[in-house]
Every structure is written in structure tokens, then in C-alpha cells.
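Here's input.pdb, which has PDB, C-alpha atoms, pLDDT in the B column:
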MODEL        1
ATOM      1  CA  ARG A  50      13.210  -6.622  -3.467  1.00 95.00           C
ATOM      2  CA  LEU A  51      13.636  -8.954  -0.537  1.00 97.00           C
ATOM      3  CA  GLY A  52      14.472  -7.821   2.936  1.00 98.00           C
ATOM      4  CA  ILE A  53      14.567  -8.474   6.628  1.00 97.00           C
ATOM      5  CA  TRP A  54      14.349  -6.007   9.457  1.00 95.00           C
ATOM      6  CA  LYS A  55      14.926  -6.008  13.204  1.00 95.00           C
ATOM      7  CA  HIS A  56      14.035  -3.478  15.888  1.00 94.00           C
ATOM      8  CA  THR A  57      15.993  -3.862  19.117  1.00 94.00           C
ATOM      9  CA  GLY A  58      13.548  -2.065  21.403  1.00 93.00           C
ATOM     10  CA  ILE A  59      11.356  -3.529  24.133  1.00 92.00           C
ATOM     11  CA  PHE A  60       7.763  -4.296  23.101  1.00 89.00           C
ATOM     12  CA  ASN A  61       4.679  -5.525  24.935  1.00 86.00           C
ATOM     13  CA  ARG A  62       3.139  -8.688  23.520  1.00 84.00           C
ATOM     14  CA  THR A  63      -0.407  -8.279  22.281  1.00 76.00           C
ATOM     15  CA  ASP A  64      -1.646 -11.492  23.915  1.00 74.00           C
ATOM     16  CA  ASP A  65      -0.400 -11.294  27.507  1.00 79.00           C
ATOM     17  CA  ASN A  66       1.209  -7.805  27.718  1.00 78.00           C
ATOM     18  CA  SER A  67       4.560  -9.309  28.766  1.00 88.00           C
ATOM     19  CA  ALA A  68       7.723  -7.554  27.616  1.00 91.00           C
ATOM     20  CA  VAL A  69       9.691  -8.983  24.718  1.00 90.00           C
ATOM     21  CA  ASN A  70      13.102  -7.850  23.544  1.00 90.00           C
ATOM     22  CA  GLY A  71      13.012  -6.907  19.870  1.00 90.00           C
ATOM     23  CA  ALA A  72      10.780  -7.402  16.866  1.00 91.00           C
ATOM     24  CA  SER A  73      11.644  -8.570  13.383  1.00 94.00           C
ATOM     25  CA  GLY A  74      10.118  -9.342  10.030  1.00 96.00           C
ATOM     26  CA  ILE A  75      10.566 -10.120   6.362  1.00 97.00           C
ATOM     27  CA  TYR A  76       9.215  -8.544   3.205  1.00 98.00           C
ATOM     28  CA  ALA A  77       9.180  -9.058  -0.550  1.00 98.00           C
ATOM     29  CA  VAL A  78       8.117  -6.641  -3.288  1.00 98.00           C
ATOM     30  CA  ILE A  79       7.834  -7.389  -7.001  1.00 98.00           C
ATOM     31  CA  ASN A  80       7.432  -4.595  -9.563  1.00 96.00           C
ATOM     32  CA  GLN A  81       6.962  -5.430 -13.233  1.00 97.00           C
ATOM     33  CA  THR A  82       6.251  -3.379 -16.345  1.00 94.00           C
ATOM     34  CA  LEU A  83       3.399  -5.050 -18.226  1.00 96.00           C
ATOM     35  CA  TRP A  84       3.195  -2.673 -21.174  1.00 93.00           C
ATOM     36  CA  GLN A  85       5.060   0.378 -22.449  1.00 92.00           C
ATOM     37  CA  PRO A  86       4.651   2.241 -25.758  1.00 87.00           C
ATOM     38  CA  ILE A  87       7.431   1.052 -28.077  1.00 85.00           C
ATOM     39  CA  SER A  88       8.145   4.618 -29.169  1.00 82.00           C
ATOM     40  CA  GLU A  89       8.606   5.834 -25.563  1.00 77.00           C
ATOM     41  CA  LYS A  90      11.074   3.452 -23.908  1.00 76.00           C
ATOM     42  CA  GLU A  91      12.925   6.431 -22.388  1.00 79.00           C
ATOM     43  CA  THR A  92       9.836   7.726 -20.537  1.00 81.00           C
ATOM     44  CA  ASN A  93       7.865   6.392 -17.559  1.00 85.00           C
ATOM     45  CA  ARG A  94       4.703   5.869 -19.630  1.00 92.00           C
ATOM     46  CA  GLY A  95       3.226   2.425 -19.323  1.00 94.00           C
ATOM     47  CA  LEU A  96       1.298  -0.062 -17.244  1.00 96.00           C
ATOM     48  CA  ARG A  97       2.998  -1.599 -14.212  1.00 97.00           C
ATOM     49  CA  MET A  98       1.977  -4.044 -11.519  1.00 98.00           C
ATOM     50  CA  PHE A  99       3.229  -4.742  -8.037  1.00 98.00           C
ATOM     51  CA  LEU A 100       2.873  -7.530  -5.495  1.00 98.00           C
ATOM     52  CA  GLU A 101       3.954  -7.316  -1.853  1.00 98.00           C
ATOM     53  CA  TYR A 102       4.205  -9.609   1.124  1.00 98.00           C
ATOM     54  CA  ALA A 103       5.340  -8.902   4.680  1.00 98.00           C
ATOM     55  CA  ARG A 104       5.349 -10.797   7.948  1.00 97.00           C
ATOM     56  CA  SER A 105       6.375  -9.797  11.473  1.00 95.00           C
ATOM     57  CA  ASN A 106       6.207 -11.170  15.006  1.00 89.00           C
ATOM     58  CA  LYS A 107       2.664 -12.389  15.603  1.00 87.00           C
ATOM     59  CA  GLY A 108       2.812 -11.732  19.339  1.00 83.00           C
ATOM     60  CA  VAL A 109       4.154  -8.171  18.991  1.00 87.00           C
ATOM     61  CA  ALA A 110       2.467  -6.668  15.946  1.00 85.00           C
ATOM     62  CA  PRO A 111      -1.344  -6.600  15.848  1.00 85.00           C
ATOM     63  CA  VAL A 112      -1.227  -6.820  12.034  1.00 91.00           C
ATOM     64  CA  TYR A 113       1.387  -9.519  11.570  1.00 94.00           C
ATOM     65  CA  GLN A 114       0.954 -10.531   7.924  1.00 97.00           C
ATOM     66  CA  HIS A 115       0.310  -8.414   4.845  1.00 97.00           C
ATOM     67  CA  PHE A 116      -0.484  -9.201   1.203  1.00 98.00           C
ATOM     68  CA  GLY A 117      -0.953  -6.531  -1.432  1.00 98.00           C
ATOM     69  CA  GLY A 118      -1.043  -5.923  -5.142  1.00 98.00           C
ATOM     70  CA  GLY A 119      -2.094  -3.424  -7.711  1.00 98.00           C
ATOM     71  CA  LEU A 120      -1.751  -1.732 -11.059  1.00 98.00           C
ATOM     72  CA  LEU A 121      -0.281   1.682 -11.921  1.00 97.00           C
ATOM     73  CA  TRP A 122      -0.688   3.343 -15.305  1.00 97.00           C
ATOM     74  CA  THR A 123       1.603   6.314 -15.948  1.00 95.00           C
ATOM     75  CA  GLY A 124       0.815   8.612 -18.870  1.00 93.00           C
ATOM     76  CA  ILE A 125      -2.578   7.154 -19.636  1.00 87.00           C
ATOM     77  CA  GLU A 126      -2.725   9.584 -22.559  1.00 86.00           C
ATOM     78  CA  ALA A 127       0.255  10.930 -24.496  1.00 81.00           C
ATOM     79  CA  GLY A 128      -0.588  14.551 -23.697  1.00 86.00           C
ATOM     80  CA  ARG A 129      -0.389  13.874 -19.921  1.00 90.00           C
ATOM     81  CA  LYS A 130       2.708  11.659 -19.773  1.00 90.00           C
ATOM     82  CA  ASP A 131       3.359  12.187 -16.034  1.00 92.00           C
ATOM     83  CA  ASP A 132      -0.190  11.634 -14.717  1.00 96.00           C
ATOM     84  CA  GLU A 133      -0.764   8.368 -12.848  1.00 96.00           C
ATOM     85  CA  ILE A 134      -3.851   6.292 -12.152  1.00 97.00           C
ATOM     86  CA  GLY A 135      -3.737   3.313  -9.841  1.00 98.00           C
ATOM     87  CA  ILE A 136      -5.751   0.655  -8.096  1.00 98.00           C
ATOM     88  CA  CYS A 137      -4.710  -1.787  -5.421  1.00 98.00           C
ATOM     89  CA  LYS A 138      -5.944  -4.259  -2.865  1.00 98.00           C
ATOM     90  CA  GLN A 139      -4.301  -4.786   0.529  1.00 98.00           C
ATOM     91  CA  TYR A 140      -5.041  -7.556   3.013  1.00 98.00           C
ATOM     92  CA  GLY A 141      -3.742  -7.742   6.569  1.00 97.00           C
ATOM     93  CA  ARG A 142      -4.074 -10.632   9.024  1.00 96.00           C
ATOM     94  CA  ILE A 143      -4.762  -9.482  12.561  1.00 93.00           C
ATOM     95  CA  ARG A 144      -3.689 -11.429  15.614  1.00 88.00           C
ATOM     96  CA  THR A 145      -6.636 -12.791  17.589  1.00 82.00           C
ATOM     97  CA  GLN A 146      -7.306 -10.586  20.604  1.00 80.00           C
ATOM     98  CA  PRO A 147     -10.195 -10.167  23.014  1.00 76.00           C
ATOM     99  CA  GLY A 148     -12.729  -7.718  21.603  1.00 80.00           C
ATOM    100  CA  LEU A 149     -11.805  -8.204  17.957  1.00 85.00           C
ATOM    101  CA  LEU A 150     -14.661  -9.244  15.727  1.00 91.00           C
ATOM    102  CA  TRP A 151     -12.580 -10.135  12.645  1.00 94.00           C
ATOM    103  CA  LYS A 152      -9.118 -11.586  12.068  1.00 93.00           C
ATOM    104  CA  TYR A 153      -8.370  -9.471   9.006  1.00 95.00           C
ATOM    105  CA  GLU A 154      -8.618  -6.048   7.435  1.00 96.00           C
ATOM    106  CA  GLN A 155      -8.628  -5.353   3.718  1.00 97.00           C
ATOM    107  CA  THR A 156      -8.498  -2.201   1.664  1.00 98.00           C
ATOM    108  CA  PHE A 157      -9.498  -1.419  -1.904  1.00 98.00           C
ATOM    109  CA  GLU A 158      -7.919   1.805  -3.129  1.00 98.00           C
ATOM    110  CA  SER A 159      -7.875   3.933  -6.254  1.00 98.00           C
ATOM    111  CA  PHE A 160      -6.233   7.263  -7.035  1.00 98.00           C
ATOM    112  CA  TYR A 161      -5.435   9.660  -9.826  1.00 98.00           C
ATOM    113  CA  LYS A 162      -2.368  11.911  -9.618  1.00 97.00           C
ATOM    114  CA  PHE A 163      -2.493  14.762 -12.079  1.00 95.00           C
ATOM    115  CA  PHE A 164       0.179  17.368 -12.653  1.00 94.00           C
ATOM    116  CA  VAL A 165      -1.011  20.956 -12.743  1.00 94.00           C
ATOM    117  CA  ALA A 166       2.580  22.160 -13.322  1.00 94.00           C
ATOM    118  CA  PRO A 167       5.964  20.398 -13.228  1.00 91.00           C
ATOM    119  CA  TRP A 168       6.271  21.496  -9.572  1.00 95.00           C
ATOM    120  CA  LEU A 169       2.630  20.940  -8.507  1.00 97.00           C
ATOM    121  CA  ASN A 170       0.398  17.858  -8.502  1.00 97.00           C
ATOM    122  CA  LEU A 171      -2.900  16.878  -6.923  1.00 98.00           C
ATOM    123  CA  GLN A 172      -3.873  13.343  -5.985  1.00 98.00           C
ATOM    124  CA  PRO A 173      -7.458  12.451  -5.041  1.00 98.00           C
ATOM    125  CA  ASP A 174      -7.611   9.017  -3.403  1.00 98.00           C
ATOM    126  CA  VAL A 175     -10.544   6.803  -2.379  1.00 98.00           C
ATOM    127  CA  GLN A 176     -10.256   3.791  -0.064  1.00 98.00           C
ATOM    128  CA  TYR A 177     -12.876   1.302   1.006  1.00 98.00           C
ATOM    129  CA  ILE A 178     -11.706  -0.458   4.167  1.00 98.00           C
ATOM    130  CA  VAL A 179     -13.335  -3.730   5.250  1.00 97.00           C
ATOM    131  CA  HIS A 180     -13.113  -4.358   9.029  1.00 96.00           C
ATOM    132  CA  PRO A 181     -10.746  -1.482   9.934  1.00 94.00           C
ATOM    133  CA  GLY A 182      -8.590  -2.605  12.857  1.00 90.00           C
ATOM    134  CA  GLY A 183     -10.584  -5.829  13.062  1.00 91.00           C
ATOM    135  CA  SER A 184     -13.255  -4.265  15.243  1.00 88.00           C
ATOM    136  CA  TYR A 185     -14.920  -1.401  13.376  1.00 91.00           C
ATOM    137  CA  ALA A 186     -17.611  -1.096  10.725  1.00 90.00           C
ATOM    138  CA  ASN A 187     -16.488  -0.796   7.108  1.00 97.00           C
ATOM    139  CA  ALA A 188     -15.271   2.655   6.135  1.00 97.00           C
ATOM    140  CA  LEU A 189     -15.107   4.779   3.009  1.00 98.00           C
ATOM    141  CA  VAL A 190     -12.208   7.255   3.127  1.00 97.00           C
ATOM    142  CA  GLY A 191     -11.404  10.014   0.665  1.00 98.00           C
ATOM    143  CA  THR A 192      -8.344  12.228   0.674  1.00 98.00           C
ATOM    144  CA  LEU A 193      -6.844  14.931  -1.499  1.00 98.00           C
ATOM    145  CA  GLU A 194      -3.063  15.223  -1.475  1.00 97.00           C
ATOM    146  CA  LEU A 195      -1.306  18.384  -2.685  1.00 97.00           C
ATOM    147  CA  ASN A 196       2.411  18.077  -3.566  1.00 96.00           C
ATOM    148  CA  LEU A 197       4.664  21.087  -4.109  1.00 96.00           C
ATOM    149  CA  GLN A 198       8.236  20.589  -5.301  1.00 92.00           C
ATOM    150  CA  PHE A 199      10.719  23.398  -4.724  1.00 89.00           C
TER     151      PHE A 199
ENDMDL
END
What do you get writing this file as C-alpha cells?
Amino acid sequence: RLGIWKHTGIFNRTDDNSAVNGASGIYAVINQTLWQPISEKETNRGLRMFLEYARSNKGVAPVYQHFGGGLLWTGIEAGRKDDEIGICKQYGRIRTQPGLLWKYEQTFESFYKFFVAPWLNLQPDVQYIVHPGGSYANALVGTLELNLQF
């Protein structure tokens, strides 16, 4: 996928706080199946990868450039064909501002989504964030997501 976007609102620049009319950006996302069981072409089982890139106005958005990529394995075992396990790395470039210690933030993430029932799944997720916001100490974040479908 390739795309462009534009927001027509009024924004304050991050460097001098002056008003600017509009913000815009570009993005690209690549998804590719790396492996799928030959006998299960009609299912979602398999190993996939993704790469992403995005860029926006440097003077408007504090995080103005983003790179990311990861792997997703659906149906890691035949008996749990809908479960997903994934890992990814994200990197964001941060516009230089007074008070910022670093010009980037990066995240390492892993999760496992397991289906308890066709209408219920749980997803524990762990993220290690290096330089959150460009000015904070590294952080370890854990979440548990509960999804109900009805």
C-alpha cells in the first residue's frame, strides 16, 4: 500500500510555535507471506512479514519519520489455527526540540493472541521502549487485551 494524507486544520509548529495551515504525509506498507502449509492454502496459517515507512511535516509533528517491520505467525500449530504470535521493531525520528535528550524512539514488541472461543480472544503484549518521547528513561510495558465479538 502507498498513500498520502492531508489534514486541513491549523497546527502550531514544534520549533517556534507559529501557526501553520495544514499537515501532510506519505506512507508505504508491504505485507508478504513468507511460508504457508501447502495443504492449507485456504486458511490464514503461515508466516508473514511486514515493513512500513511514514513521513510527515517535520515542523508540525514531533515524530516526523517512522520505520517499522516485523513477523506474524498465524496458526503456529495445526490444532490452534487462529492463534497468532508476532514480533516487531518500530523506530521513530523525533524533531530536535529544547529539552529532548534523544532524537529517536524505538520499540521492540512481542505478543501472542490466543482464541479461547470463536468469539473471545486474549492477547498479552510486551513492549520495550528505548527513549520514550525522546526525553524519558527506557520503559518496559505489558498489556493484556480482551476481545469479545458479538
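Taking atom CA of Tyr153 of chain A as the reference point, atom CA of Val109 of chain A is found at 16.1 Å.
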Expansion of the PyMOL selection byres ((chain A and resi 148) around 12) into residues, as an MDAnalysis selection string: chainID A and resid 64 144:147 149:152 182:185
Write the residues you've just listed into a file as an mmCIF file, in the coordinates of the input, and include C-alpha atoms for each of them.
data_model
loop_
_atom_site.group_PDB
_atom_site.id
_atom_site.type_symbol
_atom_site.label_atom_id
_atom_site.label_comp_id
_atom_site.auth_asym_id
_atom_site.auth_seq_id
_atom_site.Cartn_x
_atom_site.Cartn_y
_atom_site.Cartn_z
ATOM 1 C CA ASP A 64 -1.646 -11.492 23.915
ATOM 2 C CA ARG A 144 -3.689 -11.429 15.614
ATOM 3 C CA THR A 145 -6.636 -12.791 17.589
ATOM 4 C CA GLN A 146 -7.306 -10.586 20.604
ATOM 5 C CA PRO A 147 -10.195 -10.167 23.014
ATOM 6 C CA LEU A 149 -11.805 -8.204 17.957
ATOM 7 C CA LEU A 150 -14.661 -9.244 15.727
ATOM 8 C CA TRP A 151 -12.580 -10.135 12.645
ATOM 9 C CA LYS A 152 -9.118 -11.586 12.068
ATOM 10 C CA GLY A 182 -8.590 -2.605 12.857
ATOM 11 C CA GLY A 183 -10.584 -5.829 13.062
ATOM 12 C CA SER A 184 -13.255 -4.265 15.243
ATOM 13 C CA TYR A 185 -14.920 -1.401 13.376
#
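Look at Asn106 of chain A: the protein and nucleic acid residues within 8 Å of it, using only C-alpha atoms and passing over chain neighbours fewer than 3 places away, are Ala72, Ser73, Gly74, Val109, Ala110 and Tyr113 of chain A.
When only C-alpha atoms are used to measure the gap to Gln176 of chain A, the shortest distance among A:Gln198, A:Asn61, A:Gln139, A:Ser67 belongs to A:Gln139.
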Answer key for the PyMOL selection byres ((chain A and resi 58) around 7), residues as a VMD selection string: chain A and resid 56 to 57 59 to 60 70 to 71
